[in-house]
>>> print(open('data_17.txt').read())   # compact mmCIF, C-alpha atoms
# COMPACT_ATOMS: atom_id res chain seq x y z
CA MET H 110 12.16 -30.84 -10.49
CA THR H 111 14.40 -29.20 -7.89
CA ASN H 112 12.93 -26.22 -6.09
CA ALA H 113 14.49 -22.83 -6.77
CA PRO H 114 17.10 -21.56 -4.32
CA THR H 115 16.05 -18.75 -1.99
CA HIS H 116 17.05 -15.21 -1.05
CA LEU H 117 17.25 -14.01 2.54
CA LEU H 118 15.07 -10.95 3.05
CA ALA H 119 15.86 -8.05 5.39
CA ASP H 120 13.26 -9.33 7.88
CA GLY H 121 14.92 -12.75 8.12
CA ASN H 122 12.38 -14.59 5.97
CA THR H 123 13.29 -16.25 2.69
CA LEU H 124 11.96 -15.72 -0.83
CA PRO H 125 12.32 -18.25 -3.65
CA ALA H 126 14.47 -17.04 -6.55
CA VAL H 127 11.67 -17.68 -9.09
CA GLY H 128 7.91 -17.42 -8.68
CA LEU H 129 4.73 -18.03 -10.62
CA GLY H 130 2.81 -15.03 -11.92
CA THR H 131 -0.94 -15.65 -12.05
CA TYR H 132 -2.41 -12.67 -13.91
CA PRO H 133 -4.86 -12.96 -15.73
CA LEU H 134 -5.72 -16.54 -14.71
CA LYS H 135 -9.00 -17.00 -12.83
CA GLY H 136 -11.28 -19.75 -11.57
CA ALA H 137 -10.55 -23.34 -12.51
CA ASP H 138 -7.74 -22.26 -14.84
CA ALA H 139 -5.95 -20.55 -11.97
CA VAL H 140 -6.48 -23.52 -9.63
CA SER H 141 -5.06 -25.87 -12.24
CA ALA H 142 -2.07 -23.63 -13.03
CA VAL H 143 -1.12 -23.08 -9.39
CA SER H 144 -1.59 -26.77 -8.55
CA SER H 145 0.64 -27.75 -11.46
CA ALA H 146 3.26 -25.18 -10.48
CA LEU H 147 3.42 -26.42 -6.90
CA THR H 148 3.83 -29.99 -8.13
CA THR H 149 6.58 -28.83 -10.49
CA GLY H 150 8.53 -27.18 -7.70
CA TYR H 151 7.39 -23.56 -7.50
CA ARG H 152 7.17 -22.27 -3.96
CA LEU H 153 6.35 -18.60 -4.64
CA ILE H 154 2.87 -17.79 -5.96
CA ASP H 155 2.00 -14.19 -6.89
CA SER H 156 -1.58 -12.97 -6.70
CA ALA H 157 -3.45 -9.68 -6.12
CA VAL H 158 -6.92 -8.45 -5.24
CA ASN H 159 -7.22 -6.90 -8.68
CA TYR H 160 -6.31 -10.17 -10.41
CA GLY H 161 -9.57 -11.61 -9.12
CA ASN H 162 -7.97 -14.97 -8.35
CA GLU H 163 -7.17 -15.03 -4.64
CA ASP H 164 -9.89 -17.65 -4.07
CA ALA H 165 -8.41 -19.92 -6.74
CA VAL H 166 -4.84 -19.47 -5.48
CA GLY H 167 -5.95 -20.26 -1.94
CA GLU H 168 -7.81 -23.37 -3.08
CA ALA H 169 -4.76 -24.70 -4.90
CA VAL H 170 -2.50 -24.02 -1.91
CA ARG H 171 -4.90 -25.61 0.58
CA ASN H 172 -5.32 -28.73 -1.58
CA SER H 173 -1.63 -29.13 -2.39
CA GLU H 174 0.47 -31.93 -0.93
CA VAL H 175 3.24 -29.37 -0.46
CA ALA H 176 3.50 -28.27 3.17
CA ARG H 177 1.97 -24.84 3.74
CA ASP H 178 5.13 -23.54 5.43
CA GLU H 179 7.09 -24.19 2.24
CA ILE H 180 4.86 -21.94 0.11
CA VAL H 181 5.15 -18.16 -0.12
CA VAL H 182 1.76 -16.72 -1.05
CA THR H 183 1.77 -13.11 -2.21
CA THR H 184 -1.18 -10.79 -2.63
CA LYS H 185 -1.54 -7.03 -3.03
CA LEU H 186 -3.53 -4.13 -1.64
CA PRO H 187 -5.59 -2.42 -4.38
CA GLY H 188 -5.55 1.33 -4.88
CA ARG H 189 -9.16 1.80 -3.78
CA ALA H 190 -8.28 0.42 -0.33
CA HIS H 191 -5.45 2.83 0.49
CA GLY H 192 -5.59 4.33 3.97
CA TYR H 193 -4.91 2.89 7.44
CA GLU H 194 -8.25 1.37 8.37
CA SER H 195 -9.20 0.40 4.81
CA THR H 196 -5.89 -1.43 4.44
CA LEU H 197 -6.63 -3.51 7.54
CA THR H 198 -10.09 -4.28 6.16
CA SER H 199 -8.79 -5.18 2.70
CA PHE H 200 -6.14 -7.43 4.21
CA GLN H 201 -8.75 -9.40 6.13
CA GLU H 202 -10.89 -9.71 3.00
CA SER H 203 -7.88 -11.10 1.11
CA LEU H 204 -7.20 -13.54 3.94
CA ASP H 205 -10.82 -14.69 3.80
CA ARG H 206 -10.78 -15.17 0.03
CA LEU H 207 -7.51 -17.09 0.21
CA GLY H 208 -8.82 -19.22 3.07
CA LEU H 209 -5.41 -19.10 4.76
CA ASP H 210 -4.27 -18.10 8.24
CA ARG H 211 -1.62 -15.68 7.04
CA ILE H 212 -0.29 -13.94 3.95
CA ASP H 213 3.40 -14.59 3.42
CA LEU H 214 4.17 -11.48 1.37
CA TYR H 215 1.75 -8.55 1.35
CA LEU H 216 2.41 -5.71 -1.09
CA ILE H 217 0.96 -2.29 -1.86
CA HIS H 218 0.10 -2.82 -5.53
CA TRP H 219 0.62 0.79 -6.72
CA PRO H 220 1.63 3.94 -4.82
CA ASN H 221 -1.30 5.97 -6.22
CA PRO H 222 0.37 9.35 -5.70
CA GLY H 223 -2.83 11.15 -6.70
CA ASP H 224 -4.47 9.83 -3.52
CA ASP H 225 -1.34 10.22 -1.36
CA ARG H 226 -2.38 7.63 1.20
CA TYR H 227 0.29 4.98 0.67
CA VAL H 228 2.18 5.97 3.83
CA ASP H 229 -0.98 5.40 5.89
CA SER H 230 -1.38 2.01 4.23
CA TRP H 231 2.24 1.21 4.98
CA ARG H 232 1.72 1.97 8.68
CA ALA H 233 -1.16 -0.51 8.72
CA MET H 234 1.00 -3.12 6.99
CA VAL H 235 3.77 -2.64 9.56
CA GLN H 236 1.15 -3.43 12.22
CA LEU H 237 0.00 -6.54 10.32
CA HIS H 238 3.62 -7.70 10.13
CA GLU H 239 4.16 -7.11 13.85
CA GLN H 240 1.03 -9.18 14.56
CA GLY H 241 2.36 -12.04 12.43
CA LEU H 242 -0.56 -11.91 10.00
CA ALA H 243 1.63 -10.68 7.15
CA ARG H 244 4.89 -12.58 7.35
CA SER H 245 6.74 -10.12 5.10
CA ILE H 246 5.61 -6.75 3.75
CA GLY H 247 6.64 -4.87 0.66
CA VAL H 248 5.48 -2.76 -2.23
CA SER H 249 5.03 -2.90 -5.97
CA ASN H 250 5.73 -0.25 -8.60
CA PHE H 251 7.37 2.13 -6.13
CA THR H 252 10.06 4.59 -7.22
CA GLU H 253 13.10 5.59 -5.19
CA GLU H 254 11.27 8.73 -4.08
CA TYR H 255 8.33 6.78 -2.67
CA LEU H 256 10.57 4.24 -0.98
CA THR H 257 12.61 7.01 0.64
CA ARG H 258 9.43 8.63 1.94
CA LEU H 259 8.29 5.38 3.55
CA GLN H 260 11.59 5.14 5.38
CA SER H 261 11.63 8.78 6.47
CA GLU H 262 8.02 8.79 7.75
CA THR H 263 7.79 5.30 9.28
CA GLY H 264 11.36 4.12 9.78
CA VAL H 265 10.54 0.87 7.98
CA LEU H 266 11.60 -0.01 4.45
CA PRO H 267 9.83 -2.67 2.36
CA THR H 268 11.57 -6.02 2.08
CA VAL H 269 10.48 -6.31 -1.58
CA ASN H 270 9.64 -3.98 -4.47
CA GLN H 271 7.95 -5.70 -7.39
CA VAL H 272 8.37 -3.69 -10.59
CA GLU H 273 8.19 -3.99 -14.35
CA LEU H 274 11.62 -5.33 -15.30
CA HIS H 275 12.80 -6.99 -18.51
CA PRO H 276 15.70 -6.53 -20.95
CA TYR H 277 14.05 -3.49 -22.57
CA PHE H 278 13.52 -1.93 -19.11
CA PRO H 279 16.35 -3.10 -16.83
CA GLN H 280 15.72 -0.52 -14.07
CA LEU H 281 19.42 0.08 -13.42
CA ALA H 282 19.15 2.98 -10.96
CA LEU H 283 16.26 1.49 -9.01
CA ARG H 284 17.98 -1.88 -8.67
CA GLU H 285 21.09 -0.14 -7.38
CA PHE H 286 18.98 1.67 -4.76
CA HIS H 287 17.40 -1.64 -3.77
CA GLU H 288 20.80 -3.26 -3.34
CA VAL H 289 22.08 -0.45 -1.13
CA HIS H 290 18.97 -0.62 1.09
CA ASN H 291 18.57 -4.43 1.16
CA ILE H 292 15.29 -4.45 -0.77
CA ARG H 293 14.76 -7.51 -2.95
CA THR H 294 13.67 -6.75 -6.51
CA GLU H 295 10.85 -8.80 -8.01
CA SER H 296 10.21 -8.62 -11.77
CA TRP H 297 6.72 -8.56 -13.23
CA SER H 298 6.42 -9.21 -16.95
CA PRO H 299 9.99 -10.56 -16.85
CA LEU H 300 9.84 -11.72 -20.48
CA GLY H 301 8.58 -8.39 -21.82
CA LYS H 302 5.17 -9.70 -22.83
CA GLY H 303 3.97 -8.44 -26.18
CA SER H 304 7.43 -7.28 -27.25
CA ASP H 305 10.01 -8.82 -29.58
CA VAL H 306 12.60 -9.20 -26.83
CA LEU H 307 12.83 -12.99 -27.22
CA THR H 308 13.84 -12.62 -30.87
CA SER H 309 16.72 -10.27 -30.10
CA PRO H 310 19.91 -11.71 -31.67
CA VAL H 311 21.79 -11.42 -28.39
CA ILE H 312 19.23 -13.61 -26.65
CA VAL H 313 18.83 -16.04 -29.55
CA GLU H 314 22.62 -16.53 -29.68
CA ALA H 315 22.84 -17.12 -25.93
CA ALA H 316 20.03 -19.68 -26.11
CA ARG H 317 21.89 -21.60 -28.80
CA ALA H 318 25.16 -21.41 -26.91
CA HIS H 319 23.64 -22.84 -23.73
CA GLU H 320 21.15 -25.16 -25.47
CA VAL H 321 18.18 -23.63 -23.67
CA THR H 322 15.17 -21.59 -24.77
CA GLU H 323 15.20 -17.83 -25.27
CA ALA H 324 12.81 -17.47 -22.33
CA GLN H 325 15.21 -19.42 -20.11
CA VAL H 326 18.02 -17.05 -21.11
CA VAL H 327 16.00 -14.00 -20.10
CA LEU H 328 14.83 -15.56 -16.85
CA ARG H 329 18.40 -16.61 -16.05
CA TRP H 330 19.44 -12.98 -16.68
CA HIS H 331 16.97 -11.94 -13.98
CA VAL H 332 18.29 -14.58 -11.60
CA GLN H 333 21.88 -13.44 -12.08
CA LEU H 334 20.86 -9.82 -11.56
CA GLY H 335 19.48 -10.92 -8.20
CA SER H 336 15.90 -10.09 -9.13
CA VAL H 337 13.06 -12.58 -8.70
CA PRO H 338 11.20 -13.17 -11.98
CA LEU H 339 7.51 -14.05 -11.91
CA PRO H 340 6.75 -15.65 -15.28
CA LYS H 341 3.13 -16.58 -15.89
CA SER H 342 2.30 -19.89 -17.52
CA ALA H 343 -0.56 -22.35 -17.17
CA ASP H 344 1.21 -25.01 -19.23
CA PRO H 345 3.02 -27.61 -17.08
CA ALA H 346 5.84 -28.11 -19.59
CA ARG H 347 6.45 -24.37 -19.87
CA GLN H 348 6.27 -24.00 -16.11
CA ALA H 349 9.00 -26.61 -15.78
CA GLN H 350 11.17 -24.83 -18.36
CA ASN H 351 10.72 -21.49 -16.60
CA LEU H 352 11.92 -23.01 -13.35
CA ASP H 353 14.82 -24.93 -14.90
CA LEU H 354 17.32 -22.05 -14.70
CA PHE H 355 20.01 -23.33 -12.41
CA GLY H 356 21.94 -25.73 -14.63
CA PHE H 357 23.64 -23.04 -16.72
CA GLU H 358 25.16 -19.61 -16.24
CA LEU H 359 25.36 -16.62 -18.56
CA SER H 360 28.78 -15.07 -19.02
CA SER H 361 29.43 -11.50 -17.94
CA ALA H 362 29.54 -10.52 -21.61
CA GLU H 363 26.14 -12.11 -22.23
CA MET H 364 24.69 -10.43 -19.15
CA GLU H 365 25.98 -7.03 -20.26
CA ALA H 366 24.74 -7.47 -23.82
CA ILE H 367 21.23 -8.31 -22.60
CA THR H 368 21.18 -5.35 -20.22
CA LEU H 369 22.29 -3.08 -23.08
CA LEU H 370 19.01 -3.91 -24.85
CA GLY H 371 17.47 -1.43 -22.43
CA ARG H 372 15.87 1.64 -23.93
CA PRO H 373 15.59 5.21 -22.56
CA ASP H 374 11.94 4.56 -21.80
CA GLY H 375 11.56 0.83 -22.19
CA ARG H 376 8.36 0.65 -20.18
CA LEU H 377 5.97 -1.55 -22.17
CA PHE H 378 2.74 -1.20 -20.26
CA GLY H 379 2.13 2.54 -20.06
CA ALA H 380 1.47 2.63 -16.32
CA ASP H 381 4.03 5.05 -14.88
CA PRO H 382 4.04 4.96 -11.05
CA VAL H 383 4.53 8.73 -10.99
CA THR H 384 1.13 9.31 -12.62
CA HIS H 385 -0.82 6.03 -12.52
CA ASN H 386 -3.65 5.62 -10.03
CA GLU H 387 -4.96 2.08 -9.67
CA GLN H 388 -8.55 1.47 -8.59
>>> encode(input="data_17.txt", output="structure tokens")
Amino acid sequence: MTNAPTHLLADGNTLPAVGLGTYPLKGADAVSAVSSALTTGYRLIDSAVNYGNEDAVGEAVRNSEVARDEIVVTTKLPGRAHGYESTLTSFQESLDRLGLDRIDLYLIHWPNPGDDRYVDSWRAMVQLHEQGLARSIGVSNFTEEYLTRLQSETGVLPTVNQVELHPYFPQLALREFHEVHNIRTESWSPLGKGSDVLTSPVIVEAARAHEVTEAQVVLRWHVQLGSVPLPKSADPARQAQNLDLFGFELSSAEMEAITLLGRPDGRLFGADPVTHNEQ
């Protein structure tokens, strides 16, 4: 399996065009899934404190035959650790659980506007980046308003914003903001888990036309949008399918038709960044 191509981030580092989501895998299941993914060709592994699997991800990375410098390990600051000093502490705890000497992409998991400490956390993350402990820094589930505030109060924009993004929730305005400000979009739940998106006629027809699966069509849609999908699978065959996205191309008409599946409020998971406070 050929590794995915990469995107150049604003900080000069690179990010693979497809990654492996790991929620809710834990323990031996997570070790096995990440090990299989690395063997298959994945080079971006997405974790978080609140997934409870940093130890398993770190074990798989440390035991892999893939060179450490080729792997981008992501983890995320939980809401309960917002604040300058607590962010530094939480980062070190993540590093210890992973058993690695650096975190390649460190994200604020949720902005937690009710606590209003994400700017303080961001200042700590800028320091971690300057020290080389966090190779790249970014955020997750941030709106344009929160991103703008980070820039205005610290002068530093995230390199990445990982958000819910799928055909029912294409995030048109936010992706446009990202493009203007050189922020790479990552897509969690890229296949719209729990929805009927994969049975949409538009997607079924495209799958038949290109002789691929419906999931491959949706993941290819993400790739052509320039977003980085993070599909979760513990099955080696499915992992290989989810990475095999670079031998076909959707037409502009197919891309537009999939994007038009978007709904006024297509959010599937009920956690609105404007109101949600993660623990």
>>> closest_residue(input="data_17.txt", among="H:Leu283, H:Val140, H:Met234, H:Ala113", to="Glu254 in chain H", atoms="all atoms listed in the file")
H:Leu283
>>> residues_around(input="data_17.txt", residues="Arg376 in chain H", least_positions_apart="6", cutoff="12 Å", atoms="all atoms listed in the file", output="ChimeraX atom specification")
/H:250,272-280,297-299,301-304,382
>>> residues_near_point(input="data_17.txt", point="(7.4, -1.2, 3.8)", cutoff="8 Å", atoms="only C-alpha atoms", output="number ranges by chain")
H: 231, 234-235, 246-248, 256, 259-260, 265-268
>>> write_last_selection(input="data_17.txt", atoms="C-alpha atoms", output="mmCIF file, in the frame of the given file")
data_model
loop_
_atom_site.group_PDB
_atom_site.id
_atom_site.type_symbol
_atom_site.label_atom_id
_atom_site.label_comp_id
_atom_site.auth_asym_id
_atom_site.auth_seq_id
_atom_site.Cartn_x
_atom_site.Cartn_y
_atom_site.Cartn_z
ATOM 1 C CA TRP H 231 2.240 1.210 4.980
ATOM 2 C CA MET H 234 1.000 -3.120 6.990
ATOM 3 C CA VAL H 235 3.770 -2.640 9.560
ATOM 4 C CA ILE H 246 5.610 -6.750 3.750
ATOM 5 C CA GLY H 247 6.640 -4.870 0.660
ATOM 6 C CA VAL H 248 5.480 -2.760 -2.230
ATOM 7 C CA LEU H 256 10.570 4.240 -0.980
ATOM 8 C CA LEU H 259 8.290 5.380 3.550
ATOM 9 C CA GLN H 260 11.590 5.140 5.380
ATOM 10 C CA VAL H 265 10.540 0.870 7.980
ATOM 11 C CA LEU H 266 11.600 -0.010 4.450
ATOM 12 C CA PRO H 267 9.830 -2.670 2.360
ATOM 13 C CA THR H 268 11.570 -6.020 2.080
#
>>> residues_around(input="data_17.txt", residues="range 172-178 of chain H", least_positions_apart="5", cutoff="9 Å", atoms="all atoms listed in the file", output="CSV table (one decimal) with C-alpha atoms, in the coordinates of the input")
chain,number,residue,atom,x,y,z
H,144,SER,CA,-1.6,-26.8,-8.6
H,147,LEU,CA,3.4,-26.4,-6.9
H,148,THR,CA,3.8,-30.0,-8.1
H,152,ARG,CA,7.2,-22.3,-4.0
H,167,GLY,CA,-6.0,-20.3,-1.9
>>> atom_distance(input="data_17.txt", atom1="CA of Lys135 in chain H", atom2="CA of Glu295 in chain H")
22.0 Å
>>> atom_distance(input="data_17.txt", atom1="CA of Ala316 in chain H", atom2="CA of Gly371 in chain H")
18.8 Å
>>> build_atoms(input="data_17.txt", residues="range 263-274 of chain H", atoms="all heavy atoms", output="PDB file, keeping the file's coordinate frame")
ATOM      1  N   THR H 263       8.147   6.439   8.422  1.00  0.00           N
ATOM      2  CA  THR H 263       7.790   5.300   9.280  1.00  0.00           C
ATOM      3  C   THR H 263       8.994   4.594   9.876  1.00  0.00           C
ATOM      4  O   THR H 263       8.840   3.816  10.820  1.00  0.00           O
ATOM      5  CB  THR H 263       6.963   4.258   8.494  1.00  0.00           C
ATOM      6  OG1 THR H 263       7.829   3.562   7.571  1.00  0.00           O
ATOM      7  CG2 THR H 263       5.816   4.904   7.730  1.00  0.00           C
ATOM      8  N   GLY H 264      10.171   4.806   9.302  1.00  0.00           N
ATOM      9  CA  GLY H 264      11.360   4.120   9.780  1.00  0.00           C
ATOM     10  C   GLY H 264      11.490   2.690   9.303  1.00  0.00           C
ATOM     11  O   GLY H 264      12.424   1.981   9.690  1.00  0.00           O
ATOM     12  N   VAL H 265      10.549   2.264   8.446  1.00  0.00           N
ATOM     13  CA  VAL H 265      10.540   0.870   7.980  1.00  0.00           C
ATOM     14  C   VAL H 265      10.555   0.850   6.456  1.00  0.00           C
ATOM     15  O   VAL H 265       9.683   1.438   5.810  1.00  0.00           O
ATOM     16  CB  VAL H 265       9.292   0.113   8.494  1.00  0.00           C
ATOM     17  CG1 VAL H 265       9.309  -1.332   7.988  1.00  0.00           C
ATOM     18  CG2 VAL H 265       9.220   0.159  10.007  1.00  0.00           C
ATOM     19  N   LEU H 266      11.534   0.165   5.894  1.00  0.00           N
ATOM     20  CA  LEU H 266      11.600  -0.010   4.450  1.00  0.00           C
ATOM     21  C   LEU H 266      10.944  -1.330   4.040  1.00  0.00           C
ATOM     22  O   LEU H 266      10.968  -2.305   4.792  1.00  0.00           O
ATOM     23  CB  LEU H 266      13.057  -0.033   3.971  1.00  0.00           C
ATOM     24  CG  LEU H 266      13.706   1.312   3.643  1.00  0.00           C
ATOM     25  CD1 LEU H 266      15.206   1.118   3.410  1.00  0.00           C
ATOM     26  CD2 LEU H 266      13.064   1.970   2.424  1.00  0.00           C
ATOM     27  N   PRO H 267      10.367  -1.391   2.861  1.00  0.00           N
ATOM     28  CA  PRO H 267       9.830  -2.670   2.360  1.00  0.00           C
ATOM     29  C   PRO H 267      10.947  -3.696   2.184  1.00  0.00           C
ATOM     30  O   PRO H 267      12.096  -3.343   1.895  1.00  0.00           O
ATOM     31  CB  PRO H 267       9.226  -2.279   1.002  1.00  0.00           C
ATOM     32  CG  PRO H 267       9.028  -0.802   1.059  1.00  0.00           C
ATOM     33  CD  PRO H 267      10.117  -0.282   1.934  1.00  0.00           C
ATOM     34  N   THR H 268      10.596  -4.957   2.344  1.00  0.00           N
ATOM     35  CA  THR H 268      11.570  -6.020   2.080  1.00  0.00           C
ATOM     36  C   THR H 268      11.670  -6.312   0.585  1.00  0.00           C
ATOM     37  O   THR H 268      12.685  -6.823   0.119  1.00  0.00           O
ATOM     38  CB  THR H 268      11.180  -7.318   2.801  1.00  0.00           C
ATOM     39  OG1 THR H 268       9.874  -7.717   2.361  1.00  0.00           O
ATOM     40  CG2 THR H 268      11.162  -7.127   4.302  1.00  0.00           C
ATOM     41  N   VAL H 269      10.585  -5.978  -0.160  1.00  0.00           N
ATOM     42  CA  VAL H 269      10.480  -6.310  -1.580  1.00  0.00           C
ATOM     43  C   VAL H 269       9.857  -5.130  -2.321  1.00  0.00           C
ATOM     44  O   VAL H 269       8.983  -4.450  -1.788  1.00  0.00           O
ATOM     45  CB  VAL H 269       9.582  -7.567  -1.771  1.00  0.00           C
ATOM     46  CG1 VAL H 269       9.180  -7.744  -3.234  1.00  0.00           C
ATOM     47  CG2 VAL H 269      10.273  -8.820  -1.261  1.00  0.00           C
ATOM     48  N   ASN H 270      10.327  -4.889  -3.543  1.00  0.00           N
ATOM     49  CA  ASN H 270       9.640  -3.980  -4.470  1.00  0.00           C
ATOM     50  C   ASN H 270       9.479  -4.721  -5.784  1.00  0.00           C
ATOM     51  O   ASN H 270      10.460  -5.077  -6.432  1.00  0.00           O
ATOM     52  CB  ASN H 270      10.436  -2.692  -4.673  1.00  0.00           C
ATOM     53  CG  ASN H 270       9.672  -1.644  -5.476  1.00  0.00           C
ATOM     54  OD1 ASN H 270       8.451  -1.729  -5.658  1.00  0.00           O
ATOM     55  ND2 ASN H 270      10.379  -0.635  -5.946  1.00  0.00           N
ATOM     56  N   GLN H 271       8.234  -4.980  -6.155  1.00  0.00           N
ATOM     57  CA  GLN H 271       7.950  -5.700  -7.390  1.00  0.00           C
ATOM     58  C   GLN H 271       7.653  -4.681  -8.496  1.00  0.00           C
ATOM     59  O   GLN H 271       6.725  -3.884  -8.375  1.00  0.00           O
ATOM     60  CB  GLN H 271       6.731  -6.617  -7.191  1.00  0.00           C
ATOM     61  CG  GLN H 271       6.403  -7.466  -8.413  1.00  0.00           C
ATOM     62  CD  GLN H 271       5.145  -8.287  -8.236  1.00  0.00           C
ATOM     63  OE1 GLN H 271       4.246  -8.244  -9.061  1.00  0.00           O
ATOM     64  NE2 GLN H 271       5.070  -9.057  -7.147  1.00  0.00           N
ATOM     65  N   VAL H 272       8.458  -4.711  -9.553  1.00  0.00           N
ATOM     66  CA  VAL H 272       8.370  -3.690 -10.590  1.00  0.00           C
ATOM     67  C   VAL H 272       8.444  -4.316 -11.982  1.00  0.00           C
ATOM     68  O   VAL H 272       8.910  -5.452 -12.139  1.00  0.00           O
ATOM     69  CB  VAL H 272       9.509  -2.651 -10.444  1.00  0.00           C
ATOM     70  CG1 VAL H 272       9.367  -1.882  -9.137  1.00  0.00           C
ATOM     71  CG2 VAL H 272      10.882  -3.321 -10.533  1.00  0.00           C
ATOM     72  N   GLU H 273       7.987  -3.562 -12.975  1.00  0.00           N
ATOM     73  CA  GLU H 273       8.190  -3.990 -14.350  1.00  0.00           C
ATOM     74  C   GLU H 273       9.694  -4.029 -14.621  1.00  0.00           C
ATOM     75  O   GLU H 273      10.411  -3.041 -14.422  1.00  0.00           O
ATOM     76  CB  GLU H 273       7.516  -3.013 -15.323  1.00  0.00           C
ATOM     77  CG  GLU H 273       7.726  -3.388 -16.785  1.00  0.00           C
ATOM     78  CD  GLU H 273       7.121  -2.398 -17.779  1.00  0.00           C
ATOM     79  OE1 GLU H 273       6.350  -1.514 -17.345  1.00  0.00           O
ATOM     80  OE2 GLU H 273       7.441  -2.514 -18.976  1.00  0.00           O
ATOM     81  N   LEU H 274      10.174  -5.177 -15.065  1.00  0.00           N
ATOM     82  CA  LEU H 274      11.620  -5.330 -15.300  1.00  0.00           C
ATOM     83  C   LEU H 274      11.816  -6.425 -16.341  1.00  0.00           C
ATOM     84  O   LEU H 274      11.339  -7.545 -16.171  1.00  0.00           O
ATOM     85  CB  LEU H 274      12.327  -5.700 -13.989  1.00  0.00           C
ATOM     86  CG  LEU H 274      13.831  -5.415 -13.871  1.00  0.00           C
ATOM     87  CD1 LEU H 274      14.269  -5.479 -12.409  1.00  0.00           C
ATOM     88  CD2 LEU H 274      14.669  -6.377 -14.688  1.00  0.00           C
TER      89      LEU H 274
END
